[in-house]
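For reference, the structure discussed in these notes is given below.
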Amino acid sequence: MPAGGRARGRPAAPNPFVHDLRLSGGQRAQFYLLGALLAPLRVALAFIVLFLVWPFALLQVVGLSEEKLKEPLKGWRNSIAHGSVYFLSRLMFFLLGFMRIRVRGRQASRLEAPILVAAPHSTFFDPIILLPCDLPKVVSRTENLHVPVIGALLRFNQAILVSRHDPASRKKVVEEVKRRATSRGKWPQVLFFPEGTCSNKKALLKFKPGAFIAGVPIQPVLIRYPNSLDSTTWAWRGPGVLKVIWLTASQLCTTVEVEFLPVYHPSAEESTNPTLYASNVQKTMAQALSIPATECEFVGNLPVCAVGRLRVALEPQLWELSKALRKMRWVPGGNLQPPLSNGPERLGHQELARWLGLAHLEVANGLHTFFKQDEEGRVDSREVQLALQALEGTHSPKELTQLAFQLFCEQQTELEEPRLCQEAFCTILRLVLGTPLADGAELYATLGGIGIHGGLSIGQFQDFTLNHPDYAPLFTTYLCPPMPTRGAPIPHSNGSLLNPPKSKAD
């Protein structure tokens, strides 16, 4: 971590969640012309073909019981459905402009490698790699079963389904992955995108351990889009779904390159440690791609990376809040306020709008998502006060950390020194750095917060925020959100001007 400095206080890893697509004058004219003529025709024909896939996908599973679907399907229906879905899927991508799929290396058999892991995952077009992989099984959300056509394709695929609302679902998925991976070739291969979300292909995100829990050999699969213009990338911050489809369909030809790396055989330690296994495979694939392997991942709706013991947001909520407030023409002002005398208040939508002096109360609805909310959707006024003072841009990090301590500290008696409890410490880290609560709790213990004194003193807190070699540069930078240049458009997340960025996790 570079010491000090506004520009150097951010995590050193490249930001793999931002895709800045810039078109030259000639490219813009070409895309306007082809986008008006070619793109609508291509998209319409591709959707027609997609709906033609539906009956063939249903052919394989219609009339079969749930018990029958728990075993790999064989017979004439499987042969017809598999061949038809494969052909129509290739035709659909061809109509969208994916005319060439280059394949390098050799795909291992299901006995050699029961699991395939593909990266970098950069776009919703990535399922095209199912074609050169001969339609392996996939992992998807249970909610997708209710999506027309997609649900039929998932049933055809006999996909492994996970529910975000069922706590026991993940355990069932782990057991099912192990069952299929250790079936000795009975089941087709299972394909994972271990990053779990899309990036800009400039770095590999942290691999999730799900594909590696079985401890069996896996085959890494690299995905490249070697085109003169990168129109396919769908990152957290960048062109939205419709623009990516329009730009891609407006290109005369889009090329995809799929490379099968040698099978990775885990060591004895890796077989029992899926996190280590995932990390080592990630490094192997990053080396083959000549890009860095990072610890970046999505936590909730925020992209984070590891700095020391903490995961910190690459662009924290405080920065996103600054952009949203500027869009609403909020004007900072006022002096550094003392802590609230009567304790913290809980602010609803209307109270928050009045605090900000907004003319239209309804525009403050989205602002609540930038703070921790209670069961009734209200936010802590202390978080709002600290955020607004930081956004004024007139206070030093020392003043702001002192205010944070004053707002959140507790004092049992007048004779005792004020202390910062664990919950308050974690709240400050979440607001300023975007740090998950679990990481803050672990760090709190190492700083001596859990002890006979029952919390951190102002000296301990400021020594951590202002002098720590890893975290002080972060506080210095993150407490001072970057100001937009004059005349520059306010950046936003895929067309959303007020709502917080949404996760693109699969």
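Every chain in the structure tokens takes a letter, A first, then B, and so on in the order presented; its residues are numbered from 1, and the ligands are numbered from 1 following the presented order.
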Requested in this report: Skip Trp246 in chain A itself and residues of its chain fewer than 2 positions away, then list as a PyMOL selection string all residues within 12 Å of it, counting only C-alpha atoms.
Outcome: chain A and resi 31-44+96-97+231-232+239-244+248-251
Query raised in the report: What residues in range 257-380 of chain A get the DSSP label helix (DSSP H, G or I)? Please answer as a count of residues only.
Result: 50
Query raised in the report: Do you know which residues are at most 9 Å from range 69-77 of chain A counting only C-alpha atoms, after dropping those on the same chain fewer than 2 positions away, and could you put them as a list in words?
Result: Leu59, Gln60, Val61, Leu64, Ser65, Glu66, Glu67, Ser79, Ile80, Ala81, His82, Arg155, Gln158, Lys186, Trp187 and Pro188 of chain A
If you run DSSP on this backbone, which residues of range 197-365 of chain A come out as strand (DSSP E or B), and could you give them as a short mmCIF file (atom, residue, chain, number, x, y, z; two decimals) with all heavy atoms, in the first residue's frame?
```cif
data_model
loop_
_atom_site.label_atom_id
_atom_site.label_comp_id
_atom_site.auth_asym_id
_atom_site.auth_seq_id
_atom_site.Cartn_x
_atom_site.Cartn_y
_atom_site.Cartn_z
N LEU A 204 -8.47 -10.88 -12.54
CA LEU A 204 -9.37 -11.93 -12.09
C LEU A 204 -9.87 -11.61 -10.69
O LEU A 204 -9.08 -11.26 -9.80
CB LEU A 204 -8.68 -13.29 -12.09
CG LEU A 204 -8.49 -13.98 -13.44
CD1 LEU A 204 -7.94 -15.39 -13.22
CD2 LEU A 204 -9.78 -14.04 -14.23
N ILE A 218 -9.99 -30.41 -11.77
CA ILE A 218 -10.82 -29.49 -12.55
C ILE A 218 -10.03 -29.06 -13.79
O ILE A 218 -8.79 -29.14 -13.81
CB ILE A 218 -11.27 -28.26 -11.73
CG1 ILE A 218 -10.05 -27.41 -11.30
CG2 ILE A 218 -12.06 -28.67 -10.51
CD1 ILE A 218 -9.78 -26.24 -12.17
N GLN A 219 -10.75 -28.59 -14.80
CA GLN A 219 -10.08 -28.05 -15.98
C GLN A 219 -10.39 -26.57 -16.11
O GLN A 219 -11.56 -26.19 -16.24
CB GLN A 219 -10.51 -28.77 -17.26
CG GLN A 219 -9.75 -28.24 -18.50
CD GLN A 219 -9.99 -29.08 -19.74
OE1 GLN A 219 -11.06 -29.64 -19.93
NE2 GLN A 219 -8.97 -29.18 -20.60
N PRO A 220 -9.38 -25.71 -16.06
CA PRO A 220 -9.61 -24.27 -16.26
C PRO A 220 -9.92 -23.98 -17.73
O PRO A 220 -9.31 -24.56 -18.64
CB PRO A 220 -8.29 -23.63 -15.83
CG PRO A 220 -7.55 -24.69 -15.08
CD PRO A 220 -8.00 -25.98 -15.68
N VAL A 221 -10.86 -23.07 -17.95
CA VAL A 221 -11.25 -22.66 -19.30
C VAL A 221 -11.14 -21.14 -19.38
O VAL A 221 -11.77 -20.42 -18.59
CB VAL A 221 -12.69 -23.10 -19.64
CG1 VAL A 221 -13.03 -22.72 -21.07
CG2 VAL A 221 -12.86 -24.60 -19.43
N LEU A 222 -10.34 -20.63 -20.32
CA LEU A 222 -10.16 -19.19 -20.48
C LEU A 222 -11.10 -18.66 -21.55
O LEU A 222 -11.33 -19.31 -22.58
CB LEU A 222 -8.71 -18.88 -20.87
CG LEU A 222 -7.60 -19.45 -19.97
CD1 LEU A 222 -6.24 -19.01 -20.49
CD2 LEU A 222 -7.80 -19.04 -18.52
N ILE A 223 -11.65 -17.47 -21.29
CA ILE A 223 -12.56 -16.82 -22.24
C ILE A 223 -11.93 -15.51 -22.69
O ILE A 223 -11.56 -14.67 -21.86
CB ILE A 223 -13.93 -16.53 -21.61
CG1 ILE A 223 -14.47 -17.75 -20.87
CG2 ILE A 223 -14.93 -16.07 -22.67
CD1 ILE A 223 -15.71 -17.45 -20.06
N ARG A 224 -11.82 -15.33 -23.99
CA ARG A 224 -11.29 -14.07 -24.54
C ARG A 224 -12.22 -13.58 -25.63
O ARG A 224 -12.86 -14.36 -26.34
CB ARG A 224 -9.88 -14.27 -25.12
CG ARG A 224 -8.83 -14.72 -24.12
CD ARG A 224 -7.47 -14.79 -24.80
NE ARG A 224 -6.40 -15.20 -23.91
CZ ARG A 224 -5.98 -16.45 -23.75
NH1 ARG A 224 -6.58 -17.42 -24.44
NH2 ARG A 224 -4.99 -16.74 -22.94
N ARG A 237 -19.77 -0.95 -13.29
CA ARG A 237 -19.92 0.44 -13.74
C ARG A 237 -19.52 0.50 -15.21
O ARG A 237 -18.37 0.28 -15.56
CB ARG A 237 -19.05 1.38 -12.90
CG ARG A 237 -19.35 2.85 -13.15
CD ARG A 237 -18.47 3.75 -12.30
NE ARG A 237 -18.66 3.51 -10.88
CZ ARG A 237 -19.71 3.95 -10.17
NH1 ARG A 237 -20.67 4.60 -10.78
NH2 ARG A 237 -19.79 3.71 -8.89
N THR A 255 -15.83 -12.08 -32.30
CA THR A 255 -15.09 -13.32 -32.14
C THR A 255 -14.95 -13.68 -30.68
O THR A 255 -14.69 -12.82 -29.83
CB THR A 255 -13.70 -13.21 -32.78
OG1 THR A 255 -13.84 -12.92 -34.18
CG2 THR A 255 -12.91 -14.50 -32.62
N VAL A 256 -15.12 -14.95 -30.36
CA VAL A 256 -14.91 -15.48 -29.02
C VAL A 256 -13.82 -16.54 -29.10
O VAL A 256 -13.81 -17.36 -30.03
CB VAL A 256 -16.20 -16.12 -28.45
CG1 VAL A 256 -15.96 -16.62 -27.03
CG2 VAL A 256 -17.35 -15.14 -28.48
N GLU A 257 -12.91 -16.51 -28.15
CA GLU A 257 -11.84 -17.51 -28.10
C GLU A 257 -11.93 -18.26 -26.78
O GLU A 257 -11.97 -17.65 -25.70
CB GLU A 257 -10.48 -16.84 -28.21
CG GLU A 257 -9.32 -17.83 -28.30
CD GLU A 257 -7.99 -17.12 -28.54
OE1 GLU A 257 -7.73 -16.73 -29.70
OE2 GLU A 257 -7.24 -16.95 -27.57
N VAL A 258 -12.01 -19.57 -26.88
CA VAL A 258 -12.10 -20.44 -25.70
C VAL A 258 -10.85 -21.31 -25.66
O VAL A 258 -10.53 -21.99 -26.63
CB VAL A 258 -13.36 -21.33 -25.76
CG1 VAL A 258 -13.40 -22.27 -24.56
CG2 VAL A 258 -14.61 -20.47 -25.83
N GLU A 259 -10.14 -21.27 -24.54
CA GLU A 259 -8.90 -22.05 -24.40
C GLU A 259 -9.02 -23.01 -23.21
O GLU A 259 -9.28 -22.58 -22.08
CB GLU A 259 -7.69 -21.15 -24.21
CG GLU A 259 -6.38 -21.93 -24.08
CD GLU A 259 -5.16 -21.04 -23.91
OE1 GLU A 259 -5.33 -19.81 -23.92
OE2 GLU A 259 -4.06 -21.59 -23.77
N PHE A 260 -8.81 -24.29 -23.48
CA PHE A 260 -8.81 -25.30 -22.44
C PHE A 260 -7.38 -25.47 -21.93
O PHE A 260 -6.49 -25.86 -22.69
CB PHE A 260 -9.34 -26.64 -22.97
CG PHE A 260 -10.79 -26.61 -23.36
CD1 PHE A 260 -11.16 -26.48 -24.69
CD2 PHE A 260 -11.78 -26.71 -22.40
CE1 PHE A 260 -12.49 -26.46 -25.07
CE2 PHE A 260 -13.12 -26.69 -22.76
CZ PHE A 260 -13.48 -26.56 -24.08
N TYR A 264 -6.09 -29.46 -13.81
CA TYR A 264 -5.40 -29.12 -12.56
C TYR A 264 -5.74 -30.20 -11.53
O TYR A 264 -6.89 -30.38 -11.15
CB TYR A 264 -5.85 -27.75 -12.07
CG TYR A 264 -5.05 -27.20 -10.90
CD1 TYR A 264 -4.12 -26.19 -11.10
CD2 TYR A 264 -5.22 -27.69 -9.61
CE1 TYR A 264 -3.38 -25.68 -10.04
CE2 TYR A 264 -4.49 -27.20 -8.55
CZ TYR A 264 -3.57 -26.18 -8.77
OH TYR A 264 -2.84 -25.68 -7.72
N ALA A 293 -4.11 -11.57 -10.47
CA ALA A 293 -5.12 -12.25 -9.66
C ALA A 293 -5.36 -11.41 -8.42
O ALA A 293 -4.41 -11.11 -7.68
CB ALA A 293 -4.65 -13.65 -9.28
N GLU A 297 -13.93 -8.80 -4.79
CA GLU A 297 -15.16 -9.57 -4.84
C GLU A 297 -16.33 -8.64 -4.54
O GLU A 297 -16.14 -7.47 -4.20
CB GLU A 297 -15.13 -10.72 -3.83
CG GLU A 297 -14.95 -10.25 -2.38
CD GLU A 297 -14.93 -11.40 -1.39
OE1 GLU A 297 -15.64 -12.40 -1.63
OE2 GLU A 297 -14.21 -11.29 -0.38
N PHE A 298 -17.54 -9.18 -4.67
CA PHE A 298 -18.74 -8.43 -4.31
C PHE A 298 -19.19 -8.85 -2.92
O PHE A 298 -19.29 -10.04 -2.63
CB PHE A 298 -19.87 -8.70 -5.31
CG PHE A 298 -20.12 -7.56 -6.25
CD1 PHE A 298 -19.55 -7.54 -7.51
CD2 PHE A 298 -20.91 -6.50 -5.86
CE1 PHE A 298 -19.78 -6.50 -8.38
CE2 PHE A 298 -21.15 -5.45 -6.72
CZ PHE A 298 -20.58 -5.44 -7.98
N VAL A 299 -19.46 -7.87 -2.06
CA VAL A 299 -20.08 -8.10 -0.76
C VAL A 299 -21.35 -7.26 -0.73
O VAL A 299 -21.28 -6.03 -0.70
CB VAL A 299 -19.15 -7.71 0.41
CG1 VAL A 299 -19.88 -7.85 1.74
CG2 VAL A 299 -17.90 -8.57 0.40
N LEU A 302 -21.62 -3.98 -3.08
CA LEU A 302 -20.38 -3.22 -3.24
C LEU A 302 -19.22 -4.12 -3.65
O LEU A 302 -19.03 -5.20 -3.08
CB LEU A 302 -20.02 -2.54 -1.92
CG LEU A 302 -20.68 -1.20 -1.60
CD1 LEU A 302 -20.15 -0.69 -0.27
CD2 LEU A 302 -20.43 -0.18 -2.69
N PRO A 303 -18.42 -3.70 -4.61
CA PRO A 303 -17.18 -4.41 -4.92
C PRO A 303 -16.11 -4.04 -3.90
O PRO A 303 -15.91 -2.86 -3.59
CB PRO A 303 -16.81 -3.89 -6.31
CG PRO A 303 -17.44 -2.54 -6.40
CD PRO A 303 -18.67 -2.57 -5.55
N VAL A 304 -15.45 -5.04 -3.34
CA VAL A 304 -14.44 -4.80 -2.31
C VAL A 304 -13.17 -5.55 -2.66
O VAL A 304 -13.15 -6.45 -3.50
CB VAL A 304 -14.94 -5.27 -0.92
CG1 VAL A 304 -16.23 -4.56 -0.53
CG2 VAL A 304 -15.15 -6.78 -0.90
N CYS A 305 -12.07 -5.14 -2.01
CA CYS A 305 -10.81 -5.87 -2.13
C CYS A 305 -10.15 -5.91 -0.76
O CYS A 305 -10.53 -5.17 0.15
CB CYS A 305 -9.89 -5.22 -3.16
SG CYS A 305 -9.21 -3.65 -2.65
N ALA A 306 -9.19 -6.80 -0.59
CA ALA A 306 -8.57 -7.01 0.71
C ALA A 306 -7.41 -6.04 0.90
O ALA A 306 -6.55 -5.88 0.03
CB ALA A 306 -8.08 -8.45 0.83
N VAL A 307 -7.39 -5.39 2.06
CA VAL A 307 -6.27 -4.56 2.48
C VAL A 307 -5.97 -4.95 3.92
O VAL A 307 -6.74 -4.64 4.83
CB VAL A 307 -6.58 -3.05 2.41
CG1 VAL A 307 -5.41 -2.24 2.94
CG2 VAL A 307 -6.91 -2.65 0.99
N LEU A 310 -8.74 -6.22 6.45
CA LEU A 310 -10.06 -5.71 6.08
C LEU A 310 -10.33 -5.90 4.59
O LEU A 310 -9.44 -5.87 3.76
CB LEU A 310 -10.16 -4.21 6.40
CG LEU A 310 -10.11 -3.78 7.86
CD1 LEU A 310 -10.26 -2.27 7.94
CD2 LEU A 310 -11.17 -4.46 8.67
N ARG A 311 -11.61 -6.06 4.29
CA ARG A 311 -12.09 -5.91 2.93
C ARG A 311 -12.69 -4.50 2.83
O ARG A 311 -13.56 -4.14 3.62
CB ARG A 311 -13.15 -6.96 2.60
CG ARG A 311 -12.60 -8.36 2.41
CD ARG A 311 -13.71 -9.37 2.24
NE ARG A 311 -14.45 -9.56 3.49
CZ ARG A 311 -15.54 -10.34 3.60
NH1 ARG A 311 -16.00 -10.96 2.53
NH2 ARG A 311 -16.15 -10.47 4.75
N VAL A 312 -12.17 -3.72 1.89
CA VAL A 312 -12.62 -2.34 1.76
C VAL A 312 -13.20 -2.13 0.36
O VAL A 312 -12.78 -2.76 -0.61
CB VAL A 312 -11.48 -1.33 2.02
CG1 VAL A 312 -10.92 -1.50 3.41
CG2 VAL A 312 -10.37 -1.49 0.99
N ALA A 313 -14.17 -1.24 0.28
CA ALA A 313 -14.83 -0.97 -0.99
C ALA A 313 -13.89 -0.22 -1.92
O ALA A 313 -13.16 0.68 -1.52
CB ALA A 313 -16.09 -0.14 -0.76
N ARG A 346 -33.53 8.46 14.86
CA ARG A 346 -33.80 7.58 13.73
C ARG A 346 -34.55 8.39 12.69
O ARG A 346 -35.60 8.97 12.97
CB ARG A 346 -34.62 6.37 14.15
CG ARG A 346 -34.05 5.60 15.33
CD ARG A 346 -32.64 5.12 15.11
NE ARG A 346 -32.54 4.16 14.01
CZ ARG A 346 -31.43 3.53 13.68
NH1 ARG A 346 -30.31 3.77 14.35
NH2 ARG A 346 -31.42 2.68 12.68
N LEU A 347 -34.01 8.46 11.49
CA LEU A 347 -34.57 9.30 10.44
C LEU A 347 -35.29 8.47 9.40
O LEU A 347 -34.71 7.55 8.81
CB LEU A 347 -33.46 10.11 9.76
CG LEU A 347 -32.62 11.03 10.66
CD1 LEU A 347 -31.55 11.71 9.83
CD2 LEU A 347 -33.49 12.05 11.36
#
```
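Residue nearest Ile101 in chain A within the list A:Asp166, A:Glu270, A:Glu345, A:Asp126: A:Asp126 [criterion: smallest interatomic distance, only C-alpha atoms].
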Report task. Please identify all polymer residues within 7 Å of Arg378 in chain A, counting only C-alpha atoms, omitting same-chain residues fewer than 2 positions from it, and present them as a VMD selection string. Result -> chain A and resid 346 to 348 373 to 374 376 380
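The space between CA of Leu325 in chain A and CA of Lys398 in chain A spans 24.1 Å.
Across the structure, CA of Gln317 in chain A and CA of Phe370 in chain A are spaced 5.8 Å apart.
Considering the residues A:Tyr444, A:Tyr478, A:Phe193, A:Trp236 and counting only C-alpha atoms, Lys206 in chain A has its shortest atom-to-atom contact with A:Phe193.
Shortest atom-to-atom contact with Gln422 in chain A among A:Pro397, A:Phe93, A:Gly448, A:Ala288: A:Gly448, counting only C-alpha atoms.
Distance-wise, CA of Ile129 in chain A and CA of Leu191 in chain A end up 9.7 Å apart.
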Report summary line: Using only C-alpha atoms, the shortest atom-to-atom distance to Lys171 in chain A among A:Leu456, A:Ile150, A:Ile213, A:Glu195 belongs to A:Ile213
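Residue nearest Cys426 in chain A, chosen from A:Met285, A:Val103, A:Leu23, A:Ala445 and counting only C-alpha atoms: A:Ala445.
Every protein, DNA or RNA residue with an atom at most 9 Å from Leu466 in chain A, where only C-alpha atoms count and chain neighbours fewer than 2 positions away do not, is listed here: Pro397, Lys398, Thr401, Phe461, Gln462, Asp463, Phe464, His468, Pro469, Tyr471, Ala472, Pro473, Phe475 and Thr476 of chain A.
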Query raised in the report: Skipping near chain neighbours, those fewer than 3 positions away, what residues fall within 9 Å of Asp230 in chain A using only C-alpha atoms, listed as a PyMOL selection string?
Result: chain A and resi 21+225-227+233+248
Query - Residue contacts of Leu116 in chain A (12 Å, only C-alpha atoms) excluding same-chain residues fewer than 4 positions away, as number ranges by chain - result: A: 107-112, 129-130, 133-139, 181, 188-194, 210-212, 216-222, 259-264, 281
